[in-house]
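Q: For reference, the structure I am asking about is given below.
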Amino acid sequence: MSRFSELKHAASGKRRLKDLLLQSDNRFCADCGAPDPKWASANIGVFICLKCCGVHRSLGTHISKVLSVTLDEWSDDEIDAMTEVGGNSSANAIYEAFFPEGVSKPGPDSSYEERMRYIRSKYELQEFLKPSLRITSWKTSSSSLKSSFSTKLFDSFRIPSVSKNMSRLKSKKGINLAIRDMMSSDPYVVLTLGKQTVQTTVVKSNLNPVWNEELMLSVPQDFGPIKLSVFDHDTFSADDIMGEAEIDIQPLITSAMAFGDPEMFGNMQIGKWLKSHDNALLDDSIINIVDGKVMQEISLKLQNVESGELEVELEWMPLDHV
């Protein structure tokens, strides 16, 4: 792409973002109602004012990635995410669907402390989803609230009736896996969730195996991450480990339950599991509704091994759809 084309492409993206900001519901801060917001949370999909922007930044980019509408460079994916959500009204229809008694939104002149309490409740703790979909918090220590949103904080949450659902995981393929035999390996994948363990077939002598196998796991009430391990099959000795990783299923579950029946919606992005220093993601993992199904594509860098990547696909399935 030429320099002129790059500039033209960037200008087109900025226009899309500006057009979205000019919509009537986006002319006021999503959190406090202050007029003329100039900031946005790119991963949540809302426009916010400078004062609320400071609170969003304090939550960390793993919860809210704050960008200036006018000053920062936006990627195509970030602009696409904002336009797919549609801005403040669409996002607030989910995040502010239910207010417990005694709770009210902050105003443009509210203090930092008032904004912090409200914004944390709204986005981090997600206390204002409608009652049937709410994530209810167990008592947690202050240290756990400061830990990673995607892998640690949600270990202290539960979702009502989550055990009535299944997760279908397709182990798609491995890339540049580690050598454990003379010249190659005989890899297979083991998945563990709670007390359940499932595994793929063994692919002989292949460092870039293609499985495309679908494996089913029920989601227990007190769920944690799906633990994934790759092994090299040996006939006469113990199988050798070829790397491991964990898949945080909380973003998938939260997104699926917030939207309800996916068959009521067209194809759209509804969530994201963000790459961070404390997970094995190669890139942000997008959660989409595709043909009436909640799907998530995940690319992982295997841990505790010299090389290897794995591509998997998750699908969230209510039992009445199984």
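Ordering of the structure tokens sets the chain letters (A, B, ...), residue numbers begin anew at 1 in every chain, and ligands are numbered from 1 in the order given.
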Excluding A:Leu193 and its own-chain neighbours fewer than 5 positions away, which residues fall within 7 Å of it when counting only C-alpha atoms? Please give them as a ChimeraX atom specification.

A: /A:225-227

Q: Would you mind writing down, as a ChimeraX atom specification, each residue of stretch 48-296 of chain A that DSSP on the backbone assigns to helix (DSSP H, G or I)?

A: /A:50-59,76-85,88-95,112-124,131-133,142-145,153-156,162-164,250-259,262-264

Q: Neighbouring residues of A:Cys49 were defined as those with any atom within 12 Å, considering only C-alpha atoms; residues of the same chain fewer than 2 positions away were excluded. Please report them as a VMD selection string.

A: chain A and resid 26 to 41 46 to 47 51 to 56 66 to 69 107 to 109 115

Q: To one decimal in Å, tell me the separation between atom CA of A:Asn206 and atom CA of A:Leu282.

A: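 Atom CA of A:Asn206 sits 21.8 Å away from atom CA of A:Leu282.
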
Q: Using only C-alpha atoms, which of A:Asp19, A:Asp222, A:Glu246, A:Asp278 sits nearest A:Thr192?

A: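 Among the listed residues, the smallest separation from A:Thr192 belongs to A:Glu246.
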
Q: Need to verify the contact set: A:Ala238, 12 Å, only C-alpha atoms, exclusion of same-chain residues closer than 6 positions in sequence. Can you return it as a ChimeraX atom specification?

A: /A:180,231-232

Q: Keeping only N, CA, C and O atoms, take the residues you just selected and write them out as a PDB file, in the first residue's frame.

A:
ATOM      1  N   ARG A 180      10.309 -34.408  19.756  1.00  0.00           N
ATOM      2  CA  ARG A 180      10.519 -35.262  20.927  1.00  0.00           C
ATOM      3  C   ARG A 180      11.022 -36.650  20.553  1.00  0.00           C
ATOM      4  O   ARG A 180      11.425 -37.419  21.418  1.00  0.00           O
ATOM      5  N   PHE A 231       1.080 -33.719  24.022  1.00  0.00           N
ATOM      6  CA  PHE A 231       2.009 -34.786  24.341  1.00  0.00           C
ATOM      7  C   PHE A 231       2.508 -35.463  23.066  1.00  0.00           C
ATOM      8  O   PHE A 231       1.826 -35.458  22.033  1.00  0.00           O
ATOM      9  N   ASP A 232       3.684 -36.064  23.177  1.00  0.00           N
ATOM     10  CA  ASP A 232       4.224 -36.933  22.137  1.00  0.00           C
ATOM     11  C   ASP A 232       3.979 -38.376  22.565  1.00  0.00           C
ATOM     12  O   ASP A 232       4.411 -38.796  23.646  1.00  0.00           O
TER      13      ASP A 232
END

Q: Could you tell me how far atom CA of A:Glu78 lies from atom CA of A:Ile48, in Å and to one decimal?

A: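 These two atoms are separated by 15.6 Å.
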